[in-house]
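S.K.: Input query39.txt, format and content: compact mmCIF, C-alpha atoms and all ligand atoms.
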# COMPACT_ATOMS: atom_id res chain seq x y z
CA MET A 9 -5.81 9.00 24.77
CA ILE A 10 -4.72 10.63 21.55
CA LEU A 11 -1.54 9.19 20.06
CA PRO A 12 1.21 11.84 19.82
CA TRP A 13 1.42 11.67 16.01
CA HIS A 14 -2.38 12.01 15.77
CA LYS A 15 -2.53 15.32 17.59
CA LYS A 16 -2.44 17.59 14.54
CA PRO A 17 -4.93 15.64 12.41
CA PHE A 18 -7.18 15.24 15.44
CA ALA A 19 -7.04 18.98 16.13
CA LYS A 20 -8.24 19.53 12.57
CA LEU A 21 -11.17 17.17 13.14
CA LYS A 22 -11.98 18.74 16.49
CA GLN A 23 -12.06 22.15 14.89
CA MET A 24 -14.58 20.89 12.31
CA ILE A 25 -16.77 19.56 15.14
CA ASP A 26 -16.50 22.69 17.27
CA GLN A 27 -17.28 24.98 14.38
CA ASN A 28 -20.09 22.72 13.22
CA HIS A 29 -18.35 22.20 9.90
CA LEU A 30 -18.18 18.44 9.92
CA PRO A 31 -18.68 17.32 6.29
CA HIS A 32 -20.95 14.50 5.09
CA ALA A 33 -17.95 12.59 3.86
CA LEU A 34 -14.57 12.49 5.49
CA LEU A 35 -11.45 10.89 4.11
CA ILE A 36 -8.66 9.88 6.50
CA THR A 37 -5.41 9.04 4.71
CA GLY A 38 -1.97 7.85 5.80
CA SER A 39 0.48 4.97 5.36
CA GLU A 40 -0.35 1.46 6.39
CA LYS A 41 -0.30 1.07 10.20
CA ILE A 42 -0.19 4.84 10.86
CA GLY A 43 -3.42 4.43 12.88
CA LYS A 44 -6.24 5.61 10.59
CA PHE A 45 -8.68 3.26 12.29
CA GLU A 46 -7.70 4.52 15.76
CA LEU A 47 -8.13 8.14 14.67
CA MET A 48 -11.58 7.31 13.26
CA GLN A 49 -12.58 5.71 16.59
CA GLN A 50 -11.37 8.75 18.46
CA LEU A 51 -13.45 10.96 16.20
CA VAL A 52 -16.59 8.84 16.60
CA LYS A 53 -16.30 8.83 20.37
CA THR A 54 -15.74 12.57 20.40
CA LEU A 55 -18.86 13.03 18.29
CA LEU A 56 -21.15 10.72 20.22
CA CYS A 57 -20.00 10.55 23.82
CA GLU A 58 -21.54 13.25 25.99
CA ASP A 59 -18.34 13.51 27.92
CA GLN A 60 -16.21 13.40 24.73
CA THR A 61 -14.33 10.10 24.91
CA CYS A 62 -14.91 9.18 28.54
CA GLY A 63 -14.39 5.52 27.65
CA GLN A 64 -16.80 4.48 30.42
CA CYS A 65 -20.33 5.24 29.27
CA ALA A 66 -22.55 2.70 27.49
CA LEU A 67 -21.83 4.35 24.18
CA CYS A 68 -18.03 4.37 24.50
CA ARG A 69 -18.12 0.77 25.66
CA SER A 70 -20.35 -0.38 22.81
CA ILE A 71 -17.96 1.13 20.25
CA ALA A 72 -14.95 -0.38 22.01
CA LYS A 73 -16.59 -3.81 21.61
CA ASP A 74 -16.54 -3.53 17.79
CA ASN A 75 -13.84 -5.55 16.13
CA PRO A 76 -14.39 -5.03 12.39
CA LYS A 77 -10.69 -5.56 11.63
CA GLN A 78 -11.09 -9.23 12.40
CA VAL A 79 -11.46 -11.48 9.34
CA LEU A 80 -14.68 -13.51 9.58
CA ASP A 81 -15.16 -17.07 8.38
CA ASP A 82 -18.41 -16.18 6.66
CA SER A 83 -19.09 -13.70 3.96
CA VAL A 84 -21.10 -10.66 5.03
CA LEU A 85 -21.77 -7.50 3.05
CA ILE A 86 -21.42 -5.05 5.90
CA ARG A 87 -20.94 -5.26 9.65
CA ARG A 88 -23.03 -3.54 12.26
CA SER A 89 -21.48 -1.75 15.16
CA HIS A 90 -22.58 -2.45 18.72
CA TYR A 91 -23.70 1.14 18.52
CA PRO A 92 -26.99 0.89 16.57
CA ASN A 93 -26.40 3.80 14.20
CA MET A 94 -23.08 2.76 12.83
CA VAL A 95 -21.99 0.30 10.11
CA TYR A 96 -18.65 -0.85 8.71
CA CYS A 97 -17.75 -1.93 5.21
CA ARG A 98 -14.51 -3.76 4.36
CA THR A 99 -13.24 -6.62 2.19
CA GLU A 100 -14.82 -9.93 3.07
CA ILE A 101 -14.48 -13.61 2.24
CA ASN A 102 -15.22 -14.22 -1.45
CA ASP A 103 -16.89 -17.21 -3.20
CA LYS A 104 -13.63 -19.13 -3.05
CA GLY A 105 -13.45 -18.79 0.72
CA VAL A 106 -10.48 -16.41 0.81
CA GLU A 107 -10.43 -12.76 1.75
CA SER A 108 -11.23 -10.74 -1.32
CA LYS A 109 -8.83 -8.04 -2.51
CA ASN A 110 -11.70 -5.75 -3.45
CA ILE A 111 -14.71 -4.11 -1.90
CA ARG A 112 -17.55 -4.94 -4.28
CA ILE A 113 -20.58 -3.01 -5.52
CA ASP A 114 -23.08 -5.19 -3.61
CA GLN A 115 -21.26 -4.30 -0.42
CA ILE A 116 -21.37 -0.58 -1.20
CA ARG A 117 -25.10 -0.83 -1.98
CA ALA A 118 -25.78 -2.54 1.34
CA PHE A 119 -23.60 0.04 3.08
CA CYS A 120 -25.45 3.00 1.53
CA ASP A 121 -28.86 1.38 2.16
CA ALA A 122 -28.03 0.93 5.82
CA LEU A 123 -27.16 4.61 6.06
CA ASN A 124 -30.27 5.70 4.21
CA LYS A 125 -32.85 4.91 6.85
CA THR A 126 -34.46 7.86 8.55
CA ALA A 127 -33.18 8.45 12.02
CA ASP A 128 -32.99 11.27 14.48
CA ASN A 129 -29.49 10.33 15.47
CA LEU A 130 -26.36 10.71 13.43
CA GLN A 131 -25.79 7.73 11.12
CA ILE A 132 -22.15 6.79 10.70
CA GLY A 133 -20.67 4.58 8.00
CA VAL A 134 -17.00 3.59 8.03
CA LEU A 135 -15.40 2.21 4.88
CA PHE A 136 -11.90 0.76 4.95
CA TYR A 137 -9.89 0.74 2.92
CA ALA A 138 -11.34 2.93 0.24
CA ASP A 139 -8.32 2.10 -1.97
CA GLN A 140 -9.77 -1.41 -2.25
CA MET A 141 -13.07 -0.45 -3.90
CA ASN A 142 -13.29 -1.70 -7.44
CA ILE A 143 -14.43 0.78 -10.07
CA LEU A 144 -18.10 -0.26 -9.95
CA ALA A 145 -18.12 0.03 -6.18
CA ALA A 146 -16.51 3.47 -6.34
CA ASN A 147 -19.09 4.67 -8.86
CA SER A 148 -21.90 3.40 -6.71
CA LEU A 149 -20.52 5.18 -3.65
CA LEU A 150 -20.11 8.35 -5.67
CA LYS A 151 -23.90 8.55 -6.16
CA THR A 152 -24.41 8.61 -2.41
CA LEU A 153 -21.64 11.14 -1.94
CA GLU A 154 -23.22 13.37 -4.57
CA GLU A 155 -26.57 13.43 -2.76
CA PRO A 156 -25.59 13.73 0.87
CA ARG A 157 -28.31 13.24 3.44
CA GLU A 158 -28.79 15.14 6.63
CA ASN A 159 -27.45 13.51 9.76
CA THR A 160 -25.14 11.13 7.92
CA LEU A 161 -21.38 10.88 8.14
CA ILE A 162 -19.40 8.61 5.85
CA ILE A 163 -15.78 8.06 6.90
CA LEU A 164 -13.41 6.61 4.32
CA LEU A 165 -10.01 5.35 5.37
CA ALA A 166 -7.38 5.07 2.63
CA HIS A 167 -3.66 4.33 2.43
CA ASN A 168 -3.04 6.43 -0.61
CA LEU A 169 -5.08 9.23 -2.12
CA LYS A 170 -3.64 8.42 -5.55
CA ASN A 171 -5.45 5.07 -5.60
CA LEU A 172 -8.85 6.76 -5.38
CA PRO A 173 -10.88 8.25 -8.21
CA ALA A 174 -10.56 12.05 -8.20
CA THR A 175 -14.37 12.27 -8.21
CA ILE A 176 -14.50 10.54 -4.82
CA VAL A 177 -11.68 12.62 -3.35
CA SER A 178 -13.31 15.85 -4.45
CA ARG A 179 -16.51 14.96 -2.55
CA CYS A 180 -14.67 14.43 0.73
CA GLN A 181 -12.88 16.56 3.26
CA SER A 182 -9.46 15.03 3.71
CA VAL A 183 -7.43 14.65 6.85
CA HIS A 184 -3.95 13.20 6.49
CA ILE A 185 -1.87 11.50 9.18
CA PRO A 186 1.76 12.20 8.23
CA PRO A 187 4.75 10.05 9.20
CA ALA A 188 6.19 11.06 12.56
CA TYR A 189 9.78 11.58 13.68
CA ASP A 190 9.18 14.08 16.51
CA GLN A 191 10.38 13.81 20.10
CA GLU A 192 7.00 12.95 21.54
CA THR A 193 6.51 10.07 19.10
CA LYS A 194 10.02 8.80 19.87
CA ALA A 195 9.19 8.90 23.59
CA TRP A 196 5.96 6.99 22.93
CA LEU A 197 7.85 4.36 20.94
CA THR A 198 10.59 4.02 23.58
CA GLN A 199 7.93 3.47 26.21
CA HIS A 200 6.14 0.82 24.16
CA ILE A 201 9.34 -1.00 23.20
CA GLY A 202 10.20 -1.11 26.88
CA LYS A 203 7.00 -3.02 27.47
CA ALA A 204 7.63 -5.36 24.57
CA GLN A 205 11.27 -6.27 25.25
CA ASN A 206 14.39 -5.16 27.01
CA THR A 207 16.90 -4.35 24.30
CA ASP A 208 18.74 -1.12 23.75
CA LEU A 209 17.49 -0.43 20.27
CA ASP A 210 18.10 2.81 18.53
CA VAL A 211 14.60 4.30 18.40
CA VAL A 212 15.60 6.99 15.91
CA GLN A 213 16.96 4.41 13.50
CA LEU A 214 13.99 2.15 14.02
CA LEU A 215 11.60 4.96 13.19
CA GLU A 216 13.61 5.86 10.08
CA HIS A 217 13.67 2.24 9.02
CA THR A 218 9.86 2.08 9.24
CA HIS A 219 9.42 5.47 7.52
CA GLY A 220 7.94 7.22 10.52
CA VAL A 221 5.19 4.70 11.27
CA PRO A 222 5.34 3.82 15.00
CA PHE A 223 2.90 0.86 14.91
CA LYS A 224 4.95 -0.63 12.08
CA ALA A 225 8.07 -0.20 14.19
CA LEU A 226 6.44 -2.14 17.01
CA SER A 227 5.26 -4.94 14.76
CA GLU A 228 8.73 -5.26 13.17
CA LEU A 229 10.20 -5.73 16.61
CA SER A 230 7.82 -8.48 17.51
CA GLY A 231 9.03 -10.41 14.47
CA ASP A 232 12.82 -9.93 14.95
CA GLY A 233 12.82 -8.15 11.58
CA PHE A 234 14.63 -5.07 12.78
CA ILE A 235 17.28 -6.99 14.70
CA HIS A 236 18.23 -8.83 11.50
CA TYR A 237 18.11 -5.61 9.57
CA GLN A 238 20.52 -3.89 11.95
CA HIS A 239 22.85 -6.87 11.76
CA TRP A 240 22.91 -6.81 7.94
CA GLN A 241 23.35 -3.08 7.92
CA ASN A 242 26.42 -3.35 10.19
CA GLN A 243 27.98 -5.97 7.94
CA LEU A 244 27.33 -3.92 4.81
CA LEU A 245 28.91 -0.85 6.39
CA ASP A 246 31.89 -2.90 7.55
CA ILE A 247 32.76 -4.10 4.06
CA ALA A 248 32.42 -0.63 2.57
CA VAL A 249 35.03 0.65 5.04
CA HIS A 250 37.19 -2.48 5.13
CA PRO A 251 36.85 -4.26 1.75
CA LEU A 252 38.88 -7.25 2.92
CA MET A 253 36.14 -8.11 5.39
CA ILE A 254 34.07 -9.30 2.46
CA ASN A 255 35.77 -12.67 2.98
CA GLN A 256 34.30 -12.87 6.46
CA LEU A 257 30.76 -12.07 5.39
CA GLU A 258 28.14 -14.46 6.60
CA ASP A 259 26.11 -16.42 4.15
CA PHE A 260 23.06 -14.37 3.21
CA GLU A 261 21.36 -17.37 1.64
CA GLY A 262 17.58 -17.07 1.78
CA ASN A 263 17.78 -13.37 2.70
CA GLU A 264 19.29 -11.99 -0.51
CA VAL A 265 16.39 -9.65 -1.29
CA GLU A 266 16.22 -8.32 2.28
CA VAL A 267 19.97 -7.61 2.19
CA LEU A 268 19.57 -5.86 -1.17
CA ASN A 269 16.76 -3.77 0.33
CA CYS A 270 18.97 -2.90 3.26
CA LEU A 271 21.79 -1.86 0.89
CA GLN A 272 19.33 0.16 -1.17
CA ASN A 273 18.32 2.13 1.96
CA LEU A 274 21.97 2.74 2.82
CA ILE A 275 22.73 4.03 -0.67
CA ILE A 276 19.67 6.30 -0.70
CA GLU A 277 20.68 7.69 2.69
CA GLY A 278 24.26 8.08 1.39
CA ILE A 279 23.07 10.04 -1.64
CA ARG A 280 20.91 12.22 0.58
CA LEU A 281 23.82 13.03 2.91
CA LYS A 282 26.17 13.65 -0.02
CA THR A 283 23.70 16.01 -1.69
CA LEU A 284 23.00 17.96 1.51
CA ASN A 285 26.66 17.83 2.53
CA HIS A 286 25.54 16.56 5.94
CA GLU A 287 26.73 13.96 8.40
CA GLY A 288 24.24 11.28 9.43
CA GLY A 289 23.87 9.03 12.45
CA LEU A 290 25.93 6.13 11.02
CA ILE A 291 29.66 6.79 11.44
CA GLU A 292 30.79 4.30 8.79
CA LEU A 293 28.31 5.65 6.28
CA ASN A 294 29.70 9.15 6.84
CA LYS A 295 33.17 7.81 6.02
CA VAL A 296 31.90 6.26 2.79
CA VAL A 297 30.01 9.41 1.82
CA LYS A 298 33.12 11.51 2.31
CA GLU A 299 35.25 9.46 -0.09
CA VAL A 300 32.73 8.27 -2.66
CA ASN A 301 31.98 9.61 -6.11
CA SER A 302 28.22 10.33 -6.16
CA ASP A 303 27.95 9.11 -9.70
CA PHE A 304 28.99 5.63 -8.55
CA LEU A 305 26.37 5.70 -5.81
CA PHE A 306 23.66 6.47 -8.35
CA ARG A 307 24.88 3.71 -10.65
CA LEU A 308 25.01 1.19 -7.84
CA LEU A 309 21.50 2.23 -6.75
CA ASP A 310 20.28 1.49 -10.28
CA ASP A 311 21.94 -1.90 -10.17
CA VAL A 312 20.44 -2.70 -6.78
CA TYR A 313 16.95 -1.75 -8.02
CA HIS A 314 17.52 -3.91 -11.04
CA ALA A 315 18.76 -6.85 -8.95
CA ILE A 316 15.68 -6.61 -6.70
CA SER A 317 13.38 -6.66 -9.71
CA LEU A 318 15.30 -9.62 -11.19
CA SER A 319 14.88 -11.54 -7.94
CA LYS A 320 11.34 -12.40 -9.03
CA THR A 321 12.73 -14.21 -12.09
CA THR A 322 14.86 -17.33 -12.32
CA VAL A 323 18.08 -15.34 -11.98
CA ASN A 324 20.77 -16.68 -9.63
CA ILE A 325 20.15 -14.14 -6.90
CA LYS A 326 23.01 -15.38 -4.71
CA LEU A 327 25.53 -14.71 -7.47
CA LEU A 328 23.94 -11.38 -8.28
CA LEU A 329 24.13 -10.27 -4.65
CA ASP A 330 27.80 -11.37 -4.50
CA ASN A 331 28.58 -9.20 -7.52
CA VAL A 332 26.71 -6.22 -6.06
CA LEU A 333 28.57 -6.61 -2.76
CA ILE A 334 31.97 -6.70 -4.48
CA VAL A 335 31.22 -3.35 -6.12
CA TRP A 336 29.83 -1.92 -2.86
CA SER A 337 32.93 -3.01 -0.93
CA HIS A 338 35.12 -1.11 -3.43
CA ILE A 339 32.78 1.85 -3.85
CA THR A 340 35.13 4.44 -2.28
CA HIS A 341 38.10 3.63 -4.53
CA LEU A 342 36.63 2.50 -7.83
CA LYS A 343 38.42 3.84 -10.91
CA ARG A 344 35.57 3.10 -13.20
CA TYR A 345 32.17 1.55 -12.62
CA PRO A 346 31.93 -2.11 -13.71
CA GLN A 347 28.98 -3.79 -15.33
CA ILE A 348 27.03 -5.86 -12.80
CA THR A 349 23.82 -6.93 -14.49
CA SER A 350 23.18 -7.42 -18.17
CA THR A 351 19.92 -5.79 -19.22
ZN ZN B 401 -18.34 7.98 26.75
Go ahead and express the file in the form of structure tokens.
M.R.:
Amino acid sequence: MILPWHKKPFAKLKQMIDQNHLPHALLITGSEKIGKFELMQQLVKTLLCEDQTCGQCALCRSIAKDNPKQVLDDSVLIRRSHYPNMVYCRTEINDKGVESKNIRIDQIRAFCDALNKTADNLQIGVLFYADQMNILAANSLLKTLEEPRENTLIILLAHNLKNLPATIVSRCQSVHIPPAYDQETKAWLTQHIGKAQNTDLDVVQLLEHTHGVPFKALSELSGDGFIHYQHWQNQLLDIAVHPLMINQLEDFEGNEVEVLNCLQNLIIEGIRLKTLNHEGGLIELNKVVKEVNSDFLFRLLDDVYHAISLSKTTVNIKLLLDNVLIVWSHITHLKRYPQITST
């Protein structure tokens, strides 16, 4: 089954296969949790399965058995697929026994060696995430990409194209999975939330909150994150419309940064609506946008950014949040903008 938000990128891949234009190196990009790995699996099955992704044959089943996302206790350079002509390369446990942040050059060498054996069948190498290669590793991979071999397909998965050397990117055909806000994706999400829990969540808001990444939306739900977020958002909107309610605010202790992040999203959305002269889905926010001076929104946004960055220092974040909230609660009828943080 192809996920609804994978349909366009998959169609692009399918076209490459059908026209016999599949490159030697393919780069699949998209935000964290957008499903790059799942799209890669779909591609591999489409390439190898006689029935194109039947899911039942020995080949489909052997690929389904692979679990390279799992962190192993031992250090290995590369992992072999249950399908004999496929290998995976990812970060592994380092000398100190913790998962390394980088993919190293010895791993890339082992990866390229494994792909370099002569075979009649297509050799597939999957590297994730290419953003994690250190510079030596990237240079080593580049040599292989520069001298592509017949019957070899290297698939790189990466969160962000900007983190990769341009030399690598230029050797690959790229396929991007964009964030999704369409009806079909919303329906998919509604269906999967239904399975997870029985709450009447606003799917549109949830998808906006997770920047159009459905798997992220699901994982937020499993951790109560979004329920808290909605709760904070309601309180923040309340005080902007009824400033006196600031006295009834709950104690945000321990969640100051999350509340600041929530406020930051509200202000950004407010600025967007103000600029476009639109109404959004949050009634209270529309009221604020109608009355507010945009200049004050921009200044408060700066202060919120600044407060978030200060939260990593020894600053009294509770006090700082209180000051930010006082300004936010008066944002629609400020005469002049006060100084919140000293720089
Ligand atoms: Zn099959």
S.K.: List as a list in words: which residues have an atom within 12 Å of (-9.7, -11.9, 1.2), counting only C-alpha atoms?
M.R.: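 Output: Gln78, Val79, Leu80, Asp81, Asp82, Ser83, Arg98, Thr99, Glu100, Ile101, Asn102, Asp103, Lys104, Gly105, Val106, Glu107, Ser108, Lys109, Asn110, Ile111, Arg112 and Gln140 of chain A.
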S.K.: Got a sec to check which residues lie within 10 Å of ligand ZN 401 (chain B), using only C-alpha atoms and all ligand atoms, and send them as a list in words?
M.R.: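 My answer, listing the contacting residues, is Lys53, Thr54, Leu55, Leu56, Cys57, Glu58, Asp59, Gln60, Thr61, Cys62, Gly63, Gln64, Cys65, Ala66, Leu67, Cys68, Arg69, Ser70 and Ile71 of chain A.
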S.K.: Set the distance at 12 Å and use all atoms listed in the file: which residues neighbour A:Met141 once local chain neighbours fewer than 3 positions away are removed? I'd like the list as an NGL selection string.
M.R.: :A and (97-100 or 108-116 or 135-138 or 144-150 or 164-166 or 171-173 or 176)
S.K.: Which residues are close to A:Lys20, i.e. within 12 Å by all atoms listed in the file, leaving aside same-chain residues fewer than 4 positions away? Reply as a list of chain:residue names.
M.R.: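 What passes the distance filter is A:His14, A:Lys15, A:Lys16, A:Met24, A:Ile25, A:Asp26, A:Gln27, A:His29, A:Leu30, A:Leu34, A:Ile36, A:Leu47, A:Leu51, A:Gln181, A:Ser182, A:Val183, A:His184, A:Ile185.
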S.K.: When you count all atoms listed in the file, which of these residues is closest to A:Trp196: A:Ala122, A:Ala19, A:Val221, A:Leu328?
M.R.: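 The shortest atom-to-atom distance to A:Trp196 comes from A:Val221.
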S.K.: With distances taken over all atoms listed in the file, which residue among A:Ser178, A:Ser317, A:Ser337, A:Gln49 lies nearest A:Leu268?
M.R.: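 Among the listed residues, A:Ser317 lies closest to A:Leu268.
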S.K.: Quote the spacing between atom CA of A:Leu342 and atom CA of A:Val249 in Å to one decimal place.
M.R.: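 Spanning atom CA of A:Leu342 to atom CA of A:Val249 is a straight-line distance of 13.1 Å.
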S.K.: Quick one: pull the distance between atom CA of A:Leu274 and atom CA of A:Leu329, Å, one decimal.
M.R.: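 Value for the atom CA of A:Leu274-atom CA of A:Leu329 distance: 15.2 Å.
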S.K.: Give me, please, the distance in Å between atom CA of A:Gly133 and atom CA of A:Ser227, quoted to one decimal.
M.R.: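 Value for the atom CA of A:Gly133-atom CA of A:Ser227 distance: 28.4 Å.
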S.K.: Just the residues within 9 Å of A:His32, please, counting all atoms listed in the file, with nothing from its chain fewer than 5 positions along; format it as a PDB file with C-alpha atoms, keeping the file's coordinate frame.
M.R.:
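Heads up, here's the output in selection16.pdb:
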ATOM      1  CA  LEU A 153     -21.640  11.140  -1.940  1.00  0.00           C
ATOM      2  CA  PRO A 156     -25.590  13.730   0.870  1.00  0.00           C
ATOM      3  CA  ARG A 157     -28.310  13.240   3.440  1.00  0.00           C
ATOM      4  CA  GLU A 158     -28.790  15.140   6.630  1.00  0.00           C
ATOM      5  CA  ASN A 159     -27.450  13.510   9.760  1.00  0.00           C
ATOM      6  CA  THR A 160     -25.140  11.130   7.920  1.00  0.00           C
ATOM      7  CA  LEU A 161     -21.380  10.880   8.140  1.00  0.00           C
ATOM      8  CA  ILE A 162     -19.400   8.610   5.850  1.00  0.00           C
ATOM      9  CA  ILE A 163     -15.780   8.060   6.900  1.00  0.00           C
ATOM     10  CA  ARG A 179     -16.510  14.960  -2.550  1.00  0.00           C
ATOM     11  CA  CYS A 180     -14.670  14.430   0.730  1.00  0.00           C
ATOM     12  CA  GLN A 181     -12.880  16.560   3.260  1.00  0.00           C
TER      13      GLN A 181
END
S.K.: Could you pull the residues within 10 Å of A:Ile339, counting only C-alpha atoms, minus those fewer than 4 positions along the same chain, as number ranges by chain?
M.R.: A: 247-249, 251, 296-297, 299-302, 304-305, 308, 333-335, 343-345
S.K.: What's the 7 Å shell around stretch 217-220 of chain A, counting only C-alpha atoms, without same-chain residues fewer than 6 positions away, as a list of chain:residue names?
M.R.: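 The residues satisfying every condition are A:Pro187, A:Ala188, A:Tyr189.
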